[in-house]
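Participant: I'd like to ask some things about the structure below.
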Amino acid sequence: MSTRTASTAADPIIESRDDLLAVFQKGEKPKDQWRIGTEHEKFVFWKDSKRAPSYEEPGGIHALMIGLTKFGWTPIIEGENVIGLTGRDGGISLEPAGQFELSGAPLDNLHETCAETGRHLAQCKEIGDKLGIGFLGLGFWPDKTRAELPIMPKGRYKIMLDHMPRVGSLGLDMMLRTCTIQTNLDYSSEADMVKKFRVSLALQPLATALFANSPFTESKPNGYLSYRSHIWTDTDPKRTGMLPFVFEDGFGYERYADYMLDVPMYFAFREGGYVDAAGLSFRDFLKGELSVLPGEKPTKADWNDHLSTAFPEVRLKSFLEMRGADGGPWNKICALPAFWVGLLYDDQALDAAWDLVKHWTVEDHHRIREQVPRLALDTKGPRGRSFLDLGKQVLEIAHEGLAARQRFNASGDDETGFLTPLHEIVASGRVPAQDLLDRYNGSWGGDITRVYDEMAY
């Protein structure tokens, strides 16, 4: 989640609807300026006890943050706490229970993206080894209960933790027990945004299937291959889901802005702290009628904050966020942006992907989204087509899209190699969660602690 650092009296007030749309319009870039942003979260654990470290305990999350400043990261302070870091590779932030996230810098190609990932994980491992801390790439804590997890000292999290049980039964699990990999991508125009939004939203369940990596809850199989994905179905229906209006005629910036105005607020940021506005209306805020800030009207910064509090499968800000994948091992971090860049950043690939999904109905989208957390590649697409077959075809399109980009590293390799882990998945027909279940039922003998030995970075 984003880390807010400041608010000032100079923040411009929203004067008109045009100000709401401007954030989307300012995201428009010519193709030669399109960039790739990759975000990845991982669980942090003590190597000896496998416990999740708290923020303040000796050698815990605060010490980890301070340790990383050795590599040129600059602390972000909220109150008296370091709650994030900023540097050349983007930003590091803390998720609610100490999940550690890199929000990578906008980069030109996947070679740079994977190098950034490698630098970050190497830095984490160096400091973690000194502290006795390890990092785990899964979509859901495999053994921890909510009660066993610490809470990080970020003001927005208290508001969200209080609000989540009012609107869904699994929102606290989303906050405390999940990790994801995300990719942020650009668009050239409103029409380009619409096409990319529709293709990526339709195919987001396929990404969920390919990256499914969360089959355990509290040390036992949970009946899902992506339990993280299932959690989003009962977190908060007003700010999650497949957004059927995206596929309607006339969809664009205006319609997305209307959707966001109907998403209830969480907070407003004032004078270095968070004002609890959970459940209140941004439309009332625009009229100066927000009960917790009477007479005040929102700033453009408030609107940007609000855009970060909706969690659909694909999210629009000044770029498009792909949000469907579980956290995973090192090579899967590079595979996710490769999948989406291959599909969305080449015109022929984008057209081919759209041809695959343009006839899908709203009912198709909802049925697929409901089935994929349990079934992954065994999900049936429209007309009974298997997701495994769909995955093979989509990966071929992505492969061709990456080859057409002709982005080479110093050895002369293009970007297609980053898809190799996904080609291996569709060749075997088995997603990461199924391999974990085989180990649990086989060589691990039902001992979930083995996951820390075999799946840590």
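Residue numbering restarts at 1 for every chain of the structure tokens, chains are lettered A, B, ... in their displayed order, and ligands are numbered from 1 as they appear.
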Using 10 Å as the limit and counting only C-alpha atoms, can you tabulate each residue of region 69-137 of chain A that touches region 417-422 of chain A, with its shortest atom-to-atom distance in Å and the two atoms involved, as a Markdown table?
Facilitator:
| residue | atom | partner | partner_atom | distance |
| --- | --- | --- | --- | --- |
| A:Leu110 | CA | A:Phe418 | CA | 7.9 |
| A:His111 | CA | A:Phe418 | CA | 8.8 |
| A:Cys114 | CA | A:Phe418 | CA | 8.8 |
Participant: Keeping only C-alpha atoms, write the selected residues as a PDB file, in the first residue's frame.
Facilitator:
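The resulting file, again.pdb, is shown below:
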ATOM      1  CA  LEU A 110      12.442  -6.281 -18.051  1.00  0.00           C
ATOM      2  CA  HIS A 111      16.209  -6.710 -17.817  1.00  0.00           C
ATOM      3  CA  CYS A 114      14.864  -8.135 -12.877  1.00  0.00           C
TER       4      CYS A 114
END
Participant: Any idea what's packed within 6 Å of region 254-271 of chain A, counting only C-alpha atoms, ignoring anything in its chain fewer than 6 positions away? Could you give it as a list in words?
Facilitator: Lys238, Arg239, Ala277, Ala278, Gly279, Leu280, Ser281, Phe282 and Arg283 of chain A
Participant: Can I get the selected residues back with N, CA and C atoms, as an mmCIF file, in the first residue's frame?
Facilitator:
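Listed below is the output, again.cif:
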data_model
loop_
_atom_site.group_PDB
_atom_site.id
_atom_site.type_symbol
_atom_site.label_atom_id
_atom_site.label_comp_id
_atom_site.auth_asym_id
_atom_site.auth_seq_id
_atom_site.Cartn_x
_atom_site.Cartn_y
_atom_site.Cartn_z
ATOM 1 N N LYS A 238 -17.661 -3.114 -2.107
ATOM 2 C CA LYS A 238 -17.757 -1.788 -2.719
ATOM 3 C C LYS A 238 -16.433 -1.300 -3.291
ATOM 4 N N ARG A 239 -15.340 -2.003 -2.999
ATOM 5 C CA ARG A 239 -14.029 -1.537 -3.494
ATOM 6 C C ARG A 239 -13.204 -2.667 -4.108
ATOM 7 N N ALA A 277 -12.179 8.641 8.240
ATOM 8 C CA ALA A 277 -13.375 8.946 7.458
ATOM 9 C C ALA A 277 -13.989 7.660 6.906
ATOM 10 N N ALA A 278 -13.723 6.539 7.566
ATOM 11 C CA ALA A 278 -14.133 5.238 7.051
ATOM 12 C C ALA A 278 -15.643 5.172 6.838
ATOM 13 N N GLY A 279 -16.015 4.804 5.623
ATOM 14 C CA GLY A 279 -17.416 4.654 5.279
ATOM 15 C C GLY A 279 -18.085 5.920 4.798
ATOM 16 N N LEU A 280 -17.405 7.071 4.872
ATOM 17 C CA LEU A 280 -18.006 8.336 4.454
ATOM 18 C C LEU A 280 -17.847 8.534 2.945
ATOM 19 N N SER A 281 -18.532 9.548 2.421
ATOM 20 C CA SER A 281 -18.640 9.735 0.977
ATOM 21 C C SER A 281 -17.695 10.814 0.469
ATOM 22 N N PHE A 282 -16.911 10.474 -0.573
ATOM 23 C CA PHE A 282 -16.073 11.487 -1.202
ATOM 24 C C PHE A 282 -16.929 12.530 -1.917
ATOM 25 N N ARG A 283 -18.120 12.156 -2.337
ATOM 26 C CA ARG A 283 -19.024 13.132 -2.950
ATOM 27 C C ARG A 283 -19.403 14.208 -1.927
#
Participant: Compile the contact shell of region 83-95 of chain A as a ChimeraX atom specification: residues with an atom at most 9 Å away, counting only C-alpha atoms, same-chain residues fewer than 4 positions apart removed.
Facilitator: /A:1-3,41,61-62,65,68-69,71-78,99-106,116-117,119-120,151-154,157,175-176,179
Participant: Any chance you can output those residues with N, CA and C atoms as a tab-separated table (two decimals), in the first residue's frame?
Facilitator:
chain	number	residue	atom	x	y	z
A	1	MET	N	0.84	-1.20	0.00
A	1	MET	CA	0.00	0.00	0.00
A	1	MET	C	0.87	1.25	0.00
A	2	SER	N	0.35	2.33	-0.50
A	2	SER	CA	1.14	3.54	-0.64
A	2	SER	C	1.49	4.15	0.71
A	3	THR	N	2.59	4.88	0.73
A	3	THR	CA	3.06	5.53	1.94
A	3	THR	C	2.96	7.03	1.77
A	41	GLU	N	5.76	-8.22	-2.56
A	41	GLU	CA	5.73	-8.33	-1.10
A	41	GLU	C	6.26	-9.70	-0.70
A	61	ILE	N	11.55	-5.41	12.70
A	61	ILE	CA	11.29	-4.72	11.43
A	61	ILE	C	11.94	-3.34	11.40
A	62	HIS	N	11.92	-2.60	12.51
A	62	HIS	CA	12.59	-1.30	12.53
A	62	HIS	C	14.08	-1.46	12.26
A	65	MET	N	14.68	-2.04	8.61
A	65	MET	CA	14.58	-0.81	7.83
A	65	MET	C	15.86	0.03	7.98
A	68	LEU	N	18.86	-1.31	6.07
A	68	LEU	CA	18.88	-1.11	4.62
A	68	LEU	C	19.37	0.27	4.21
A	69	THR	N	19.39	1.21	5.15
A	69	THR	CA	19.92	2.54	4.80
A	69	THR	C	21.40	2.47	4.41
A	71	PHE	N	22.51	0.89	2.11
A	71	PHE	CA	22.56	0.84	0.65
A	71	PHE	C	22.03	2.11	0.00
A	72	GLY	N	21.92	3.18	0.77
A	72	GLY	CA	21.51	4.46	0.22
A	72	GLY	C	20.03	4.76	0.32
A	73	TRP	N	19.26	3.91	0.98
A	73	TRP	CA	17.84	4.17	1.17
A	73	TRP	C	17.66	5.27	2.22
A	74	THR	N	16.68	6.15	1.98
A	74	THR	CA	16.40	7.26	2.89
A	74	THR	C	15.11	6.97	3.66
A	75	PRO	N	15.11	7.10	4.97
A	75	PRO	CA	13.91	6.79	5.75
A	75	PRO	C	12.76	7.75	5.49
A	76	ILE	N	11.56	7.21	5.53
A	76	ILE	CA	10.31	7.99	5.53
A	76	ILE	C	9.73	7.87	6.94
A	77	ILE	N	9.47	9.02	7.55
A	77	ILE	CA	9.07	9.05	8.95
A	77	ILE	C	7.59	9.40	9.07
A	78	GLU	N	6.89	8.67	9.93
A	78	GLU	CA	5.52	9.03	10.32
A	78	GLU	C	5.50	9.09	11.84
A	99	GLN	N	4.62	-7.37	6.35
A	99	GLN	CA	5.02	-7.83	5.02
A	99	GLN	C	5.85	-6.71	4.38
A	100	PHE	N	6.92	-7.11	3.72
A	100	PHE	CA	7.92	-6.16	3.25
A	100	PHE	C	7.74	-5.98	1.75
A	101	GLU	N	7.52	-4.75	1.30
A	101	GLU	CA	7.20	-4.51	-0.11
A	101	GLU	C	8.22	-3.58	-0.77
A	102	LEU	N	8.67	-3.98	-1.94
A	102	LEU	CA	9.39	-3.06	-2.82
A	102	LEU	C	8.42	-2.57	-3.89
A	103	SER	N	8.23	-1.26	-3.96
A	103	SER	CA	7.51	-0.64	-5.07
A	103	SER	C	8.57	-0.09	-6.00
A	104	GLY	N	8.88	-0.86	-7.03
A	104	GLY	CA	10.03	-0.56	-7.86
A	104	GLY	C	9.88	0.72	-8.67
A	105	ALA	N	11.00	1.23	-9.13
A	105	ALA	CA	11.03	2.43	-9.96
A	105	ALA	C	10.46	2.12	-11.35
A	106	PRO	N	9.94	3.12	-12.06
A	106	PRO	CA	9.49	2.91	-13.43
A	106	PRO	C	10.69	2.71	-14.36
A	116	GLU	N	16.74	-4.89	-10.76
A	116	GLU	CA	16.26	-4.19	-9.57
A	116	GLU	C	15.78	-5.17	-8.52
A	117	THR	N	15.02	-6.17	-8.94
A	117	THR	CA	14.55	-7.20	-8.01
A	117	THR	C	15.72	-7.91	-7.35
A	119	ARG	N	18.80	-6.79	-6.88
A	119	ARG	CA	19.47	-5.90	-5.92
A	119	ARG	C	18.70	-5.86	-4.60
A	120	HIS	N	17.39	-5.69	-4.71
A	120	HIS	CA	16.59	-5.55	-3.50
A	120	HIS	C	16.64	-6.81	-2.65
A	151	ILE	N	1.30	-5.72	14.38
A	151	ILE	CA	0.71	-4.62	13.60
A	151	ILE	C	1.75	-3.51	13.47
A	152	MET	N	1.95	-3.04	12.26
A	152	MET	CA	2.93	-1.99	12.02
A	152	MET	C	2.35	-0.62	12.39
A	153	PRO	N	3.21	0.31	12.84
A	153	PRO	CA	2.74	1.61	13.34
A	153	PRO	C	2.49	2.64	12.23
A	154	LYS	N	1.55	2.34	11.35
A	154	LYS	CA	1.14	3.28	10.31
A	154	LYS	C	-0.30	3.68	10.57
A	157	TYR	N	-3.43	2.14	8.88
A	157	TYR	CA	-3.75	0.74	9.12
A	157	TYR	C	-4.72	0.57	10.29
A	175	MET	N	-5.35	-7.96	4.95
A	175	MET	CA	-4.36	-7.02	5.44
A	175	MET	C	-3.17	-7.71	6.10
A	176	LEU	N	-3.45	-8.72	6.90
A	176	LEU	CA	-2.43	-9.28	7.78
A	176	LEU	C	-1.71	-10.50	7.22
A	179	CYS	N	0.33	-11.76	0.59
A	179	CYS	CA	1.39	-11.10	-0.16
A	179	CYS	C	1.10	-11.26	-1.65
Participant: Quick one: pull the distance between CA of Pro329 (chain A) and CA of Thr38 (chain A), Å, one decimal.
Facilitator: 14.3 Å
Participant: Which is closest to Lys158 (chain A) among A:Leu290, A:Met242, A:Val275, A:Leu138, if we use only C-alpha atoms?
Facilitator: A:Val275
Participant: So that I can see what lies close to Val246 (chain A), please list as an mmCIF file with N, CA and C atoms, in the first residue's frame the residues with an atom at most 9 Å from it, counting only C-alpha atoms and leaving out residues fewer than 2 positions away in the same chain.
Facilitator:
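Result file part_26.cif:
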data_model
loop_
_atom_site.group_PDB
_atom_site.id
_atom_site.type_symbol
_atom_site.label_atom_id
_atom_site.label_comp_id
_atom_site.auth_asym_id
_atom_site.auth_seq_id
_atom_site.Cartn_x
_atom_site.Cartn_y
_atom_site.Cartn_z
ATOM 1 N N VAL A 194 -8.497 2.103 -22.147
ATOM 2 C CA VAL A 194 -9.701 1.273 -22.130
ATOM 3 C C VAL A 194 -9.397 -0.134 -22.652
ATOM 4 N N PHE A 197 -7.220 -1.966 -20.165
ATOM 5 C CA PHE A 197 -7.995 -2.286 -18.964
ATOM 6 C C PHE A 197 -8.863 -3.512 -19.235
ATOM 7 N N ARG A 198 -9.542 -3.528 -20.368
ATOM 8 C CA ARG A 198 -10.448 -4.645 -20.669
ATOM 9 C C ARG A 198 -9.694 -5.954 -20.842
ATOM 10 N N LEU A 201 -8.179 -6.991 -17.365
ATOM 11 C CA LEU A 201 -9.194 -7.399 -16.415
ATOM 12 C C LEU A 201 -9.752 -8.769 -16.770
ATOM 13 N N MET A 242 -14.467 -7.432 -10.225
ATOM 14 C CA MET A 242 -14.171 -7.472 -11.647
ATOM 15 C C MET A 242 -14.689 -6.268 -12.438
ATOM 16 N N LEU A 243 -15.403 -5.359 -11.813
ATOM 17 C CA LEU A 243 -15.829 -4.104 -12.432
ATOM 18 C C LEU A 243 -16.488 -4.325 -13.801
ATOM 19 N N PRO A 244 -17.690 -4.870 -13.835
ATOM 20 C CA PRO A 244 -18.329 -5.159 -15.132
ATOM 21 C C PRO A 244 -18.524 -3.942 -16.012
ATOM 22 N N GLU A 248 -18.516 -2.145 -20.648
ATOM 23 C CA GLU A 248 -19.680 -1.498 -21.245
ATOM 24 C C GLU A 248 -19.253 -0.429 -22.241
ATOM 25 N N ASP A 249 -20.106 -0.184 -23.241
ATOM 26 C CA ASP A 249 -19.861 0.905 -24.176
ATOM 27 C C ASP A 249 -19.747 2.228 -23.418
ATOM 28 N N GLY A 250 -18.808 3.047 -23.836
ATOM 29 C CA GLY A 250 -18.656 4.364 -23.227
ATOM 30 C C GLY A 250 -17.739 4.403 -22.031
ATOM 31 N N PHE A 251 -17.171 3.259 -21.648
ATOM 32 C CA PHE A 251 -16.248 3.281 -20.510
ATOM 33 C C PHE A 251 -15.031 4.150 -20.809
ATOM 34 N N GLY A 252 -14.592 4.895 -19.812
ATOM 35 C CA GLY A 252 -13.400 5.721 -19.920
ATOM 36 C C GLY A 252 -13.115 6.394 -18.593
ATOM 37 N N ARG A 255 -16.208 7.337 -16.365
ATOM 38 C CA ARG A 255 -16.900 6.238 -15.678
ATOM 39 C C ARG A 255 -16.073 5.722 -14.517
ATOM 40 N N TYR A 256 -14.757 5.662 -14.672
ATOM 41 C CA TYR A 256 -13.937 5.206 -13.549
ATOM 42 C C TYR A 256 -13.975 6.218 -12.404
#
Participant: Run DSSP on the backbone and tell me which residues of region 24-98 of chain A come out as helix (DSSP H, G or I); list them as a ChimeraX atom specification.
Facilitator: /A:24-25,31-33,61-71
Participant: Find the residues around His359 (chain A) up to 12 Å (only C-alpha atoms counted), leave out those fewer than 2 positions away in its own chain, and share them as a PDB file with C-alpha atoms, in the first residue's frame.
Facilitator:
ATOM      1  CA  ARG A 198     -10.448  -4.645 -20.669  1.00  0.00           C
ATOM      2  CA  VAL A 199      -7.828  -7.158 -21.780  1.00  0.00           C
ATOM      3  CA  ALA A 202     -10.528 -10.304 -18.479  1.00  0.00           C
ATOM      4  CA  PHE A 247     -16.703  -3.777 -20.572  1.00  0.00           C
ATOM      5  CA  ALA A 353      -5.369 -10.894 -26.686  1.00  0.00           C
ATOM      6  CA  TRP A 354      -8.494  -8.769 -27.158  1.00  0.00           C
ATOM      7  CA  ASP A 355      -9.721 -11.121 -29.868  1.00  0.00           C
ATOM      8  CA  LEU A 356      -9.562 -13.958 -27.318  1.00  0.00           C
ATOM      9  CA  VAL A 357     -11.740 -12.234 -24.711  1.00  0.00           C
ATOM     10  CA  THR A 361     -19.978 -12.005 -21.146  1.00  0.00           C
ATOM     11  CA  VAL A 362     -20.256 -10.429 -17.720  1.00  0.00           C
ATOM     12  CA  GLU A 363     -21.466 -13.810 -16.477  1.00  0.00           C
ATOM     13  CA  ASP A 364     -18.342 -15.445 -17.927  1.00  0.00           C
ATOM     14  CA  HIS A 365     -16.091 -12.980 -16.101  1.00  0.00           C
ATOM     15  CA  GLY A 381     -13.425 -20.623 -19.764  1.00  0.00           C
ATOM     16  CA  PRO A 382     -16.291 -19.715 -22.072  1.00  0.00           C
ATOM     17  CA  ARG A 383     -17.580 -22.625 -24.215  1.00  0.00           C
TER      18      ARG A 383
END
Participant: I want to know what sits within 6 Å of Gly342 (chain A), based on only C-alpha atoms, with residues of the same chain fewer than 3 positions away left out; could you give that as a PyMOL selection string?
Facilitator: chain A and resi 338-339+398+401-402
Participant: Under the rule that only C-alpha atoms are counted, which of A:Leu225, A:Leu395, A:Leu136, A:Ile181 is the nearest residue to Asn213 (chain A)?
Facilitator: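 Between A:Leu225, A:Leu395, A:Leu136, A:Ile181, the residue approaching Asn213 (chain A) most closely is A:Leu225.
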Participant: Give me the residues within 8 Å of Gly391 (chain A) as a compact mmCIF listing (two decimals) with C-alpha atoms, in the first residue's frame, counting only C-alpha atoms and dropping any in the same chain fewer than 3 places off.
Facilitator:
# COMPACT_ATOMS: atom_id res chain seq x y z
CA LEU A 206 -5.43 -16.39 -15.77
CA LEU A 377 -5.70 -23.94 -14.59
CA PHE A 387 -7.71 -22.42 -18.73
CA LEU A 388 -4.67 -24.59 -19.42
CA VAL A 394 -1.94 -16.36 -24.16
CA LEU A 395 1.68 -17.12 -23.31
CA VAL A 426 1.57 -24.71 -18.71
Participant: Among region 61-255 of chain A, which ones does DSSP place in strand (DSSP E), written as a VMD selection string?
Facilitator: chain A and resid 74 to 78 81 to 87 90 to 94 100 to 103 133 to 136 180 to 185 216 to 217 220 to 221 240 to 241
Participant: Just write the chosen residues, C-alpha atoms, as an mmCIF file, in the first residue's frame.
Facilitator:
data_model
loop_
_atom_site.group_PDB
_atom_site.id
_atom_site.type_symbol
_atom_site.label_atom_id
_atom_site.label_comp_id
_atom_site.auth_asym_id
_atom_site.auth_seq_id
_atom_site.Cartn_x
_atom_site.Cartn_y
_atom_site.Cartn_z
ATOM 1 C CA THR A 74 16.400 7.264 2.889
ATOM 2 C CA PRO A 75 13.911 6.792 5.754
ATOM 3 C CA ILE A 76 10.311 7.987 5.528
ATOM 4 C CA ILE A 77 9.072 9.051 8.955
ATOM 5 C CA GLU A 78 5.519 9.034 10.321
ATOM 6 C CA ASN A 81 8.563 5.773 13.304
ATOM 7 C CA VAL A 82 10.382 4.815 10.135
ATOM 8 C CA ILE A 83 7.511 3.422 8.060
ATOM 9 C CA GLY A 84 9.162 3.383 4.638
ATOM 10 C CA LEU A 85 12.302 3.985 2.621
ATOM 11 C CA THR A 86 12.944 5.758 -0.662
ATOM 12 C CA GLY A 87 15.841 5.354 -3.065
ATOM 13 C CA GLY A 90 11.710 3.137 -5.850
ATOM 14 C CA GLY A 91 10.287 2.724 -2.373
ATOM 15 C CA ILE A 92 10.101 0.158 0.406
ATOM 16 C CA SER A 93 6.962 0.066 2.501
ATOM 17 C CA LEU A 94 5.491 -1.963 5.327
ATOM 18 C CA PHE A 100 7.924 -6.161 3.248
ATOM 19 C CA GLU A 101 7.203 -4.507 -0.106
ATOM 20 C CA LEU A 102 9.387 -3.062 -2.825
ATOM 21 C CA SER A 103 7.507 -0.641 -5.066
ATOM 22 C CA ILE A 133 15.639 -12.771 9.635
ATOM 23 C CA GLY A 134 14.421 -14.627 6.536
ATOM 24 C CA PHE A 135 11.984 -13.808 3.729
ATOM 25 C CA LEU A 136 9.292 -16.040 2.302
ATOM 26 C CA THR A 180 1.248 -10.280 -3.868
ATOM 27 C CA ILE A 181 3.279 -9.395 -6.940
ATOM 28 C CA GLN A 182 1.930 -6.492 -9.032
ATOM 29 C CA THR A 183 2.849 -4.769 -12.264
ATOM 30 C CA ASN A 184 2.121 -1.126 -13.140
ATOM 31 C CA LEU A 185 1.926 -0.188 -16.822
ATOM 32 C CA PHE A 216 -2.215 -23.469 3.291
ATOM 33 C CA THR A 217 -3.967 -21.816 6.215
ATOM 34 C CA LYS A 220 -3.129 -27.220 6.854
ATOM 35 C CA PRO A 221 -4.345 -27.325 3.233
ATOM 36 C CA THR A 240 -13.089 -4.933 -4.996
ATOM 37 C CA GLY A 241 -14.015 -7.215 -7.871
#
Participant: Let me make sure I understand: among A:Gln25, A:Ser226, A:Ser219, A:Gln393, which one has the smallest atom-to-atom distance to Leu203 (chain A) if we use only C-alpha atoms?
Facilitator: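 Of A:Gln25, A:Ser226, A:Ser219, A:Gln393, the one nearest Leu203 (chain A), counting only C-alpha atoms, is A:Gln393.
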Participant: Rank A:Lys70, A:Lys317, A:Arg166, A:Lys297 by their smallest atom-to-atom distance to Lys26 (chain A), using only C-alpha atoms, and report the top residue only.
Facilitator: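 Of A:Lys70, A:Lys317, A:Arg166, A:Lys297, the one nearest Lys26 (chain A), counting only C-alpha atoms, is A:Lys317.
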Participant: Counting only C-alpha atoms, which residue out of A:Asn109, A:Ser49, A:Ser54, A:Ser308 sits closest to Asp414 (chain A)?
Facilitator: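 That would be A:Asn109, the residue with the smallest distance to Asp414 (chain A).
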Participant: Grab the CA of Pro58 (chain A) to CA of Pro150 (chain A) distance for me, in Å with one decimal place.
Facilitator: 14.0 Å
Participant: Measuring atom to atom with only C-alpha atoms, identify which of A:Phe211, A:Tyr227, A:Trp330, A:Trp360 is nearest to Leu170 (chain A).
Facilitator: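 Looking at the shortest contact to Leu170 (chain A), the residue is A:Tyr227.
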